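Content type mmCIF, C-alpha atoms, from the file upload.cif:
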```cif
data_start
loop_
_atom_site.label_atom_id
_atom_site.label_comp_id
_atom_site.auth_asym_id
_atom_site.auth_seq_id
_atom_site.Cartn_x
_atom_site.Cartn_y
_atom_site.Cartn_z
CA MET A 1 112.66 107.71 54.58
CA GLU A 2 114.77 104.62 55.08
CA THR A 3 118.05 106.54 55.53
CA ILE A 4 116.75 108.34 58.61
CA GLN A 5 115.85 105.08 60.33
CA VAL A 6 119.27 103.62 59.53
CA TYR A 7 121.01 106.74 60.86
CA VAL A 8 119.11 106.78 64.16
CA GLN A 9 119.46 103.02 64.70
CA GLY A 10 123.18 103.37 64.05
CA ALA A 11 123.49 106.07 66.69
CA PHE A 12 121.73 103.84 69.26
CA ALA A 13 123.58 100.66 68.26
CA GLY A 14 125.83 100.60 71.32
CA VAL A 15 123.10 100.67 73.97
CA PRO A 16 120.53 98.05 75.08
CA GLN A 17 117.42 98.06 72.90
CA THR A 18 114.95 98.59 75.74
CA GLN A 19 111.40 99.80 75.24
CA GLU A 20 112.54 103.21 76.44
CA SER A 21 115.39 103.50 73.94
CA LEU A 22 113.20 102.18 71.08
CA GLU A 23 110.62 104.86 71.88
CA GLN A 24 113.32 107.52 71.84
CA GLN A 25 114.50 106.24 68.44
CA ALA A 26 110.96 106.33 67.05
CA GLU A 27 110.61 109.87 68.35
CA LEU A 28 113.86 110.95 66.70
CA VAL A 29 112.89 109.31 63.39
CA ALA A 30 109.55 111.15 63.36
CA ASP A 31 111.35 114.37 64.27
CA LEU A 32 114.01 114.05 61.55
CA THR A 33 111.43 113.03 58.95
CA ALA A 34 109.37 116.15 59.64
CA ARG A 35 112.54 118.25 59.47
CA VAL A 36 113.55 116.78 56.11
CA ALA A 37 110.00 117.30 54.78
CA ASP A 38 110.13 120.97 55.82
CA LEU A 39 113.48 121.42 54.04
CA VAL A 40 112.26 119.68 50.87
CA GLU A 41 109.24 121.99 50.89
CA ARG A 42 111.64 124.95 50.92
CA GLY A 43 113.22 123.66 47.71
CA HIS A 44 116.08 121.41 48.81
CA SER A 45 116.62 118.01 47.24
CA GLU A 46 116.00 115.05 49.51
CA GLY A 47 119.70 114.25 49.81
CA GLU A 48 120.54 117.84 50.64
CA ALA A 49 117.70 118.06 53.12
CA PHE A 50 118.91 114.94 54.92
CA GLY A 51 122.42 116.39 55.30
CA ILE A 52 121.11 119.73 56.54
CA ALA A 53 118.71 118.05 59.00
CA LEU A 54 121.54 115.97 60.48
CA SER A 55 123.74 119.00 61.00
CA GLN A 56 120.84 120.90 62.55
CA ILE A 57 119.93 118.15 64.97
CA GLY A 58 123.50 117.95 66.24
CA ASP A 59 125.49 115.25 67.98
CA LEU A 60 123.32 112.46 69.38
CA ASP A 61 126.07 110.95 71.58
CA GLU A 62 125.12 112.81 74.73
CA LEU A 63 121.51 111.68 74.46
CA VAL A 64 122.44 108.08 73.55
CA ARG A 65 124.70 107.83 76.62
CA GLU A 66 121.65 108.32 78.85
CA PHE A 67 120.35 104.97 77.62
CA ASP A 68 123.59 103.15 78.39
CA THR A 69 122.63 101.01 81.38
CA THR A 70 126.23 99.91 81.85
CA ASP A 71 126.98 103.54 82.75
CA SER A 72 126.82 103.12 86.53
CA SER A 73 126.05 106.77 87.29
CA ILE A 74 122.66 106.37 85.59
CA ALA A 75 121.89 102.71 86.23
CA GLU A 76 122.31 102.98 90.00
CA ALA A 77 120.07 105.95 90.51
CA PRO A 78 117.52 104.83 93.13
CA GLN A 79 113.99 104.67 91.87
CA VAL A 80 111.72 107.02 93.76
CA VAL A 81 108.02 107.71 93.58
CA ALA A 82 106.00 110.62 94.94
CA VAL A 83 103.48 109.58 97.60
CA GLN A 84 100.90 111.41 99.70
CA THR A 85 102.85 111.00 102.92
CA SER A 86 100.16 111.80 105.51
CA ARG A 87 97.51 109.58 103.95
CA LEU A 88 99.93 106.72 103.43
CA ASN A 89 101.29 106.94 107.01
CA LEU A 90 97.80 106.81 108.54
CA HIS A 91 96.81 103.77 106.48
CA VAL A 92 100.06 102.02 107.41
CA ALA A 93 99.48 102.73 111.12
CA VAL A 94 95.84 101.55 111.05
CA LEU A 95 96.57 98.36 109.09
CA ALA A 96 99.69 97.39 111.07
CA THR A 97 98.18 98.03 114.53
CA GLY A 98 94.91 96.45 113.38
CA ILE A 99 96.53 93.18 112.33
CA ALA A 100 98.70 93.06 115.48
CA ALA A 101 95.70 93.90 117.71
CA VAL A 102 93.47 91.18 116.24
CA THR A 103 96.25 88.58 116.59
CA LEU A 104 96.94 89.63 120.19
CA LEU A 105 93.25 89.57 121.06
CA LEU A 106 92.83 86.07 119.63
CA LEU A 107 95.82 84.78 121.60
CA LEU A 108 94.53 86.43 124.80
CA VAL A 109 91.11 84.80 124.32
CA VAL A 110 92.77 81.41 123.77
CA GLY A 111 94.92 81.97 126.87
CA LEU A 112 91.89 83.03 128.89
CA SER A 113 89.85 79.99 127.94
CA ALA A 114 92.83 77.79 128.82
CA ASN A 115 93.07 79.55 132.19
CA ALA A 116 96.69 80.39 131.47
CA LEU A 117 96.41 84.17 131.93
CA ARG A 118 97.26 86.40 134.87
CA VAL A 119 96.23 90.01 135.47
CA GLY A 120 99.67 91.05 134.22
CA HIS A 121 98.95 89.66 130.77
CA VAL A 122 95.81 91.75 130.43
CA LEU A 123 97.57 94.88 131.72
CA LEU A 124 100.40 94.41 129.21
CA GLY A 125 97.86 93.86 126.45
CA LEU A 126 96.17 97.12 127.43
CA ALA A 127 99.54 98.92 127.38
CA ALA A 128 100.11 97.57 123.86
CA ALA A 129 96.64 98.77 122.83
CA VAL A 130 97.36 102.26 124.22
CA THR A 131 100.65 102.38 122.25
CA GLY A 132 98.80 101.43 119.09
CA VAL A 133 96.11 104.08 119.68
CA ILE A 134 98.83 106.70 120.23
CA TRP A 135 100.53 105.73 116.96
CA VAL A 136 97.27 106.00 115.00
CA GLY A 137 96.41 109.23 116.86
CA VAL A 138 99.72 110.86 115.91
CA GLU A 139 99.11 110.00 112.23
CA VAL A 140 95.53 111.34 112.37
CA LEU A 141 96.87 114.62 113.79
CA SER A 142 99.52 114.99 111.11
CA LEU A 143 96.93 114.21 108.43
CA HIS A 144 94.76 117.03 109.78
CA ARG A 145 97.70 119.40 109.91
CA ASN A 146 98.93 118.67 106.41
CA PRO A 147 96.45 116.52 104.44
CA ASP A 148 98.13 116.91 101.06
CA ALA A 149 101.76 116.40 102.05
CA VAL A 150 103.69 114.78 99.21
CA SER A 151 107.24 113.50 99.33
CA GLU A 152 109.50 111.27 97.31
CA VAL A 153 110.23 107.81 98.72
CA PRO A 154 112.13 104.82 97.36
CA LEU A 155 109.89 102.36 95.53
CA ALA A 156 111.46 99.37 97.31
CA ASP A 157 112.94 100.53 100.61
CA ARG A 158 114.93 97.48 101.72
CA PRO A 159 116.92 99.30 104.43
CA ALA A 160 113.66 100.39 106.12
CA LEU A 161 112.42 96.80 106.15
CA VAL A 162 115.71 95.53 107.60
CA ARG A 163 115.62 98.28 110.25
CA ALA A 164 112.07 97.33 111.24
CA VAL A 165 113.02 93.66 111.65
CA PHE A 166 116.01 94.71 113.76
CA VAL A 167 113.78 96.82 116.02
CA TRP A 168 111.40 93.89 116.47
CA THR A 169 114.26 91.42 117.19
CA GLY A 170 115.69 93.88 119.71
CA LEU A 171 112.36 94.25 121.52
CA VAL A 172 111.85 90.47 121.58
CA ALA A 173 115.32 89.89 123.02
CA ALA A 174 115.01 92.71 125.58
CA SER A 175 111.60 91.58 126.83
CA PHE A 176 112.76 87.95 126.94
CA VAL A 177 115.77 88.86 129.10
CA LEU A 178 113.59 91.09 131.30
CA ASN A 179 111.17 88.17 131.71
CA MET A 180 114.00 86.16 133.29
CA PHE A 181 114.29 88.69 136.12
CA VAL A 182 110.84 90.27 136.51
CA TYR A 183 107.91 87.96 137.36
CA ARG A 184 110.17 85.17 136.21
CA ASN A 185 107.67 82.47 137.00
CA VAL A 186 105.17 83.90 134.52
CA PHE A 187 105.83 83.84 130.75
CA TRP A 188 104.60 87.34 129.87
CA SER A 189 107.06 88.62 127.25
CA TRP A 190 105.17 86.98 124.35
CA ILE A 191 102.69 89.85 124.46
CA VAL A 192 105.52 92.28 123.66
CA TRP A 193 106.64 89.97 120.82
CA VAL A 194 103.23 90.00 119.19
CA ALA A 195 102.55 93.72 119.77
CA ALA A 196 106.00 94.79 118.52
CA ALA A 197 105.41 92.81 115.31
CA ALA A 198 103.36 95.85 114.25
CA VAL A 199 106.69 97.57 113.42
CA PRO A 200 107.93 95.18 110.67
CA LEU A 201 104.28 94.67 109.68
CA GLY A 202 104.06 98.42 109.09
CA ALA A 203 107.13 98.32 106.84
CA VAL A 204 105.66 95.46 104.79
CA VAL A 205 102.26 97.18 104.49
CA ARG A 206 103.93 100.45 103.42
CA ARG A 207 105.91 98.68 100.74
CA ARG A 208 102.86 96.87 99.40
CA LEU A 209 100.78 100.07 99.31
CA ILE A 210 103.50 102.01 97.46
CA GLY A 211 104.21 99.10 95.13
CA GLY A 212 100.50 98.79 94.36
CA ASN A 213 100.39 102.42 93.17
CA HIS A 214 98.26 103.58 96.11
CA PHE A 215 98.54 107.14 97.46
CA ARG A 216 100.64 108.34 94.55
CA GLY A 217 101.25 112.03 94.94
CA ASP A 218 100.57 113.04 91.39
CA ASP A 219 97.16 113.80 89.98
CA SER A 220 98.37 113.07 86.48
CA ALA A 221 99.37 109.56 87.58
CA ASP A 222 96.75 107.99 85.34
CA GLU A 223 98.14 109.51 82.19
CA ALA A 224 101.74 108.96 83.22
CA VAL A 225 101.24 105.35 84.18
CA ARG A 226 101.54 103.95 80.69
CA VAL A 227 104.96 105.40 79.96
CA GLU A 228 106.14 105.06 83.59
CA ASP A 229 105.28 101.37 83.69
CA VAL A 230 107.15 100.72 80.50
CA GLU A 231 110.21 102.46 81.92
CA ARG A 232 110.03 100.57 85.18
CA ASP A 233 109.86 97.22 83.43
CA ASP A 234 112.98 98.11 81.51
CA ARG A 235 114.96 98.93 84.60
CA PHE A 236 114.09 95.67 86.29
CA ALA A 237 114.55 93.61 83.18
CA MET B 1 133.65 133.26 72.13
CA SER B 2 131.07 134.30 69.60
CA ASP B 3 127.82 136.08 70.37
CA THR B 4 125.69 132.99 69.85
CA SER B 5 127.65 130.78 72.22
CA ILE B 6 127.42 133.41 74.99
CA SER B 7 123.65 133.43 74.72
CA SER B 8 123.62 129.61 74.49
CA ASP B 9 125.39 129.32 77.83
CA LEU B 10 123.03 131.81 79.42
CA ILE B 11 119.96 130.09 78.06
CA ARG B 12 121.01 126.51 78.79
CA GLY B 13 120.18 126.82 82.49
CA HIS B 14 116.63 127.82 81.64
CA ILE B 15 115.73 125.12 79.11
CA ASP B 16 113.38 123.39 81.57
CA THR B 17 111.50 126.61 82.27
CA ILE B 18 111.27 127.46 78.56
CA VAL B 19 109.88 124.00 77.73
CA LEU B 20 107.47 124.04 80.70
CA GLY B 21 106.22 127.45 79.58
CA MET B 22 105.48 126.15 76.10
CA LEU B 23 103.70 123.07 77.45
CA ASP B 24 101.74 125.29 79.85
CA ARG B 25 99.87 126.69 76.84
CA GLN B 26 99.27 123.40 74.99
CA ASP B 27 100.55 119.85 74.51
CA ARG B 28 103.40 119.72 72.00
CA TYR B 29 105.79 117.29 70.32
CA GLY B 30 109.57 117.72 70.24
CA TYR B 31 110.12 119.17 66.78
CA GLU B 32 107.25 121.59 67.35
CA ILE B 33 109.06 123.05 70.36
CA VAL B 34 112.33 123.31 68.40
CA LYS B 35 110.50 125.26 65.67
CA GLU B 36 108.68 127.43 68.19
CA VAL B 37 111.93 128.35 69.95
CA ALA B 38 113.54 129.29 66.61
CA LEU B 39 110.47 131.37 65.73
CA MET B 40 110.20 133.16 69.08
CA SER B 41 113.92 133.96 69.14
CA ASP B 42 113.93 135.15 65.52
CA GLY B 43 116.45 132.42 64.78
CA GLU B 44 118.94 133.80 67.32
CA TYR B 45 118.74 130.73 69.50
CA GLU B 46 118.67 127.18 68.21
CA LEU B 47 117.45 124.49 70.60
CA LYS B 48 119.13 121.20 69.71
CA GLU B 49 117.10 117.97 69.83
CA PRO B 50 119.51 116.07 72.12
CA THR B 51 119.30 118.90 74.66
CA LEU B 52 115.52 118.97 74.40
CA TYR B 53 115.05 115.21 74.69
CA SER B 54 117.39 115.08 77.70
CA ALA B 55 115.24 117.76 79.31
CA PHE B 56 112.07 115.80 78.47
CA ARG B 57 113.47 112.65 80.07
CA ARG B 58 114.65 114.50 83.16
CA MET B 59 111.37 116.32 83.68
CA GLU B 60 109.34 113.18 83.06
CA ARG B 61 111.28 111.44 85.83
CA GLN B 62 110.57 114.41 88.09
CA ARG B 63 106.90 114.09 87.11
CA LEU B 64 106.79 117.67 85.88
CA ILE B 65 105.59 116.43 82.49
CA SER B 66 104.14 113.22 81.05
CA SER B 67 103.89 111.95 77.49
CA TYR B 68 101.62 110.08 75.12
CA TRP B 69 101.82 108.90 71.51
CA GLY B 70 99.66 110.80 69.08
CA GLU B 71 98.15 109.91 65.72
CA GLU B 72 100.18 108.61 62.81
CA SER B 73 101.68 111.38 60.71
CA GLN B 74 104.19 111.37 57.87
CA GLY B 75 107.26 109.51 59.08
CA GLY B 76 105.68 107.89 62.13
CA ARG B 77 103.80 108.68 65.29
CA ARG B 78 104.43 111.85 67.22
CA LYS B 79 105.12 111.74 70.93
CA TYR B 80 103.30 114.53 72.68
CA TYR B 81 104.27 116.01 76.02
CA THR B 82 101.86 117.46 78.52
CA ILE B 83 102.52 119.43 81.71
CA THR B 84 101.43 118.04 85.11
CA ALA B 85 100.05 120.02 88.05
CA GLU B 86 103.47 119.72 89.66
CA GLY B 87 105.02 121.01 86.46
CA ARG B 88 102.77 124.07 86.45
CA LEU B 89 103.83 124.81 90.01
CA ALA B 90 107.51 124.43 89.13
CA TYR B 91 107.01 126.69 86.11
CA ARG B 92 105.46 129.51 88.17
CA GLU B 93 108.26 129.25 90.72
CA ASN B 94 111.00 129.24 88.08
CA LEU B 95 109.40 132.23 86.37
CA GLU B 96 109.30 134.24 89.60
CA ASP B 97 112.91 133.25 90.36
CA TRP B 98 113.97 134.37 86.90
CA LYS B 99 112.21 137.74 87.17
CA ARG B 100 113.85 138.41 90.55
CA ALA B 101 117.27 137.37 89.26
CA ARG B 102 116.87 139.50 86.13
CA ARG B 103 116.08 142.64 88.14
CA LEU B 104 118.98 141.98 90.49
CA ILE B 105 121.53 141.22 87.76
CA ASP B 106 120.37 144.28 85.81
CA ARG B 107 121.15 146.45 88.83
CA LEU B 108 124.45 144.76 89.58
CA VAL B 109 125.95 144.75 86.09
CA SER B 110 124.86 148.28 85.23
CA GLY B 111 126.06 149.65 88.59
CA GLU B 112 122.83 151.57 89.02
CA ASP B 113 120.81 151.60 92.23
CA ARG B 114 117.08 151.09 92.59
CA GLU B 115 116.23 154.60 91.35
CA GLY B 116 118.35 154.13 88.26
CA ARG B 117 121.14 156.50 89.34
#
```
What would the structure in this file look like if it were written as structure tokens?
Amino acid sequence: METIQVYVQGAFAGVPQTQESLEQQAELVADLTARVADLVERGHSEGEAFGIALSQIGDLDELVREFDTTDSSIAEAPQVVAVQTSRLNLHVAVLATGIAAVTLLLLLVVGLSANALRVGHVLLGLAAAVTGVIWVGVEVLSLHRNPDAVSEVPLADRPALVRAVFVWTGLVAASFVLNMFVYRNVFWSWIVWVAAAAVPLGAVVRRRLIGGNHFRGDDSADEAVRVEDVERDDRFA
Amino acid sequence: MSDTSISSDLIRGHIDTIVLGMLDRQDRYGYEIVKEVALMSDGEYELKEPTLYSAFRRMERQRLISSYWGEESQGGRRKYYTITAEGRLAYRENLEDWKRARRLIDRLVSGEDREGR
């Protein structure tokens, strides 16, 4: 019935016509149409039935307001997703330390073949390797303790990325200053620079894994994806 | 305050549990739940669509339920809602909470102790 469509569209006229709000309108139209059909079946005229259905369904304002993206209380809600924390953390640790370790190893080999390395370089490299192994080890342990841990995390965690870059910059600066006083005639602090890059690398890897829908902590994710994706597009649009 | 509005206030806090319970048995569309609530309450409680759809949206964000569009029917396609594993868990917890609260409130408002004295 045309009138139903007009009524619902009128109620949603003041809010952005996103995919999400259009779906809600379609849902309401189907709902009202079924209601009117039920009333007609019970002997009401179509006009009567429409009036009764509207009074039964009640005021739509409260629902419509939820679609008002200019309403800051709703628009600014951070977008979170559920992830399998233990599994995600282990993968982040392995990938980040792996990339840093390969880079460090390559540089050490280059340094070695150029005869530019001292024993100290190798020892520092080993210390970095031990740190990496400890990180991965800690994540393996927590995976064993709680393999199915799920928690909600922000989809795009900018503050975490900024923090990680700060940590790396801090370590670079500290080791550089230390280099000016300890074994000052050998340039050794670059090993710390490369190894510590695993921290921001970890933040980037984590973000990519979450963004790529890996380790989502919801076994109905496949079914939910269609509607979820539509909603997400709206919010970023 | 009339009788119906008292019960409305009491029920409002349990809408999510009521809806989850209905989805726990089978997938349903919005109007179907409205009718089911009217039927089960002998018409004493009327669930309004805006309240129901707000609950749907909230629980979908919390991943307690998900939705899909069904076949064409008269007046358009129906949107069906289905409960997730997380939703089932939340439903069981809410149900247990409710049963505990009901026993406790029963005792408190009637002024009777555990043995009914």
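Minimum distance to chain B across A:Trp188, A:Leu143, A:Glu48, A:Gly217 (counting only C-alpha atoms) occurs at A:Gly217.
For the atom pair formed by atom CA of Glu86 of chain B and atom CA of Pro147 of chain A, the distance is 16.7 Å, given to one decimal.
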query = Skipping near chain neighbours, those fewer than 3 positions away, what residues fall within 7 Å of Pro200 of chain A using only C-alpha atoms, listed as a PyMOL selection string?
reply = chain A and resi 161+164-165+168+197+203-204
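The protein and nucleic acid residues lying at most 10 Å from segment 98-102 of chain B are B:His14, B:Thr17, B:Arg92, B:Glu93, B:Arg107, B:Leu108, with only C-alpha atoms considered and sequence neighbours fewer than 5 positions away removed.
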Residues as selected, C-alpha atoms, written as a PDB file, keeping the file's coordinate frame, can you do that?
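What ended up in result_17.pdb:
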```pdb
ATOM      1  CA  HIS B  14     116.630 127.820  81.640  1.00  0.00           C
ATOM      2  CA  THR B  17     111.500 126.610  82.270  1.00  0.00           C
ATOM      3  CA  ARG B  92     105.460 129.510  88.170  1.00  0.00           C
ATOM      4  CA  GLU B  93     108.260 129.250  90.720  1.00  0.00           C
ATOM      5  CA  ARG B 107     121.150 146.450  88.830  1.00  0.00           C
ATOM      6  CA  LEU B 108     124.450 144.760  89.580  1.00  0.00           C
TER       7      LEU B 108
END
```
inquiry  = Should the cut-off be 9 Å, what would the residue list for chain B against chain A look like, counting all atoms listed in the file, as number ranges by chain?
reply    = B: 29-32, 46-51, 53-54, 60-61, 63, 65-68, 73-79, 83-86
task = Would you mind listing what lies within 9 Å of Asp27 of chain B as a list in words, with all atoms listed in the file counted and same-chain residues fewer than 5 positions away left out?
result = Met22, Tyr80, Tyr81, Thr82 and Ile83 of chain B
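The result of the PyMOL selection byres ((chain A and resi 12-20) around 8) on the shown file is A:Val8, A:Gln9, A:Gly10, A:Ala11, A:Ser21, A:Leu22, A:Glu23, A:Gln24, A:Gln25, A:Val64, A:Arg65, A:Phe67, A:Asp68, A:Thr69, A:Val230, A:Glu231, A:Asp234.
For the pair atom CA of Arg184 of chain A and atom CA of Phe166 of chain A, the separation is 25.1 Å.
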message = Need the shell around Val36 of chain A: protein/DNA/RNA residues with any atom at most 8 Å away, counting all atoms listed in the file. Skip same-chain ones fewer than 5 positions apart. Format as a PyMOL selection string?
response = chain A and resi 46+49-50+53
request  = Work out how far atom CA of Leu106 of chain A is from atom CA of Thr131 of chain A, in Å to one decimal.
outcome  = 18.3 Å
note = Between A:Val133, A:Ala149, A:Ala116, A:Leu155, smallest distance to Gly211 of chain A by all atoms listed in the file belongs to A:Leu155
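Taken over the shown file, the PyMOL selection byres ((chain A and resi 207) around 10) identifies A:Val92, A:Pro154, A:Leu155, A:Ala156, A:Asp157, A:Arg158, A:Ala160, A:Leu161, A:Leu201, A:Gly202, A:Ala203, A:Val204, A:Val205, A:Arg206, A:Arg208, A:Leu209, A:Ile210, A:Gly211, A:Gly212.
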ask   = Mind telling me what the PyMOL selection byres ((chain A and resi 134-141) around 7) catches here, as a VMD selection string?
value = chain A and resid 89 to 90 93 to 94 130 to 133 142 to 145
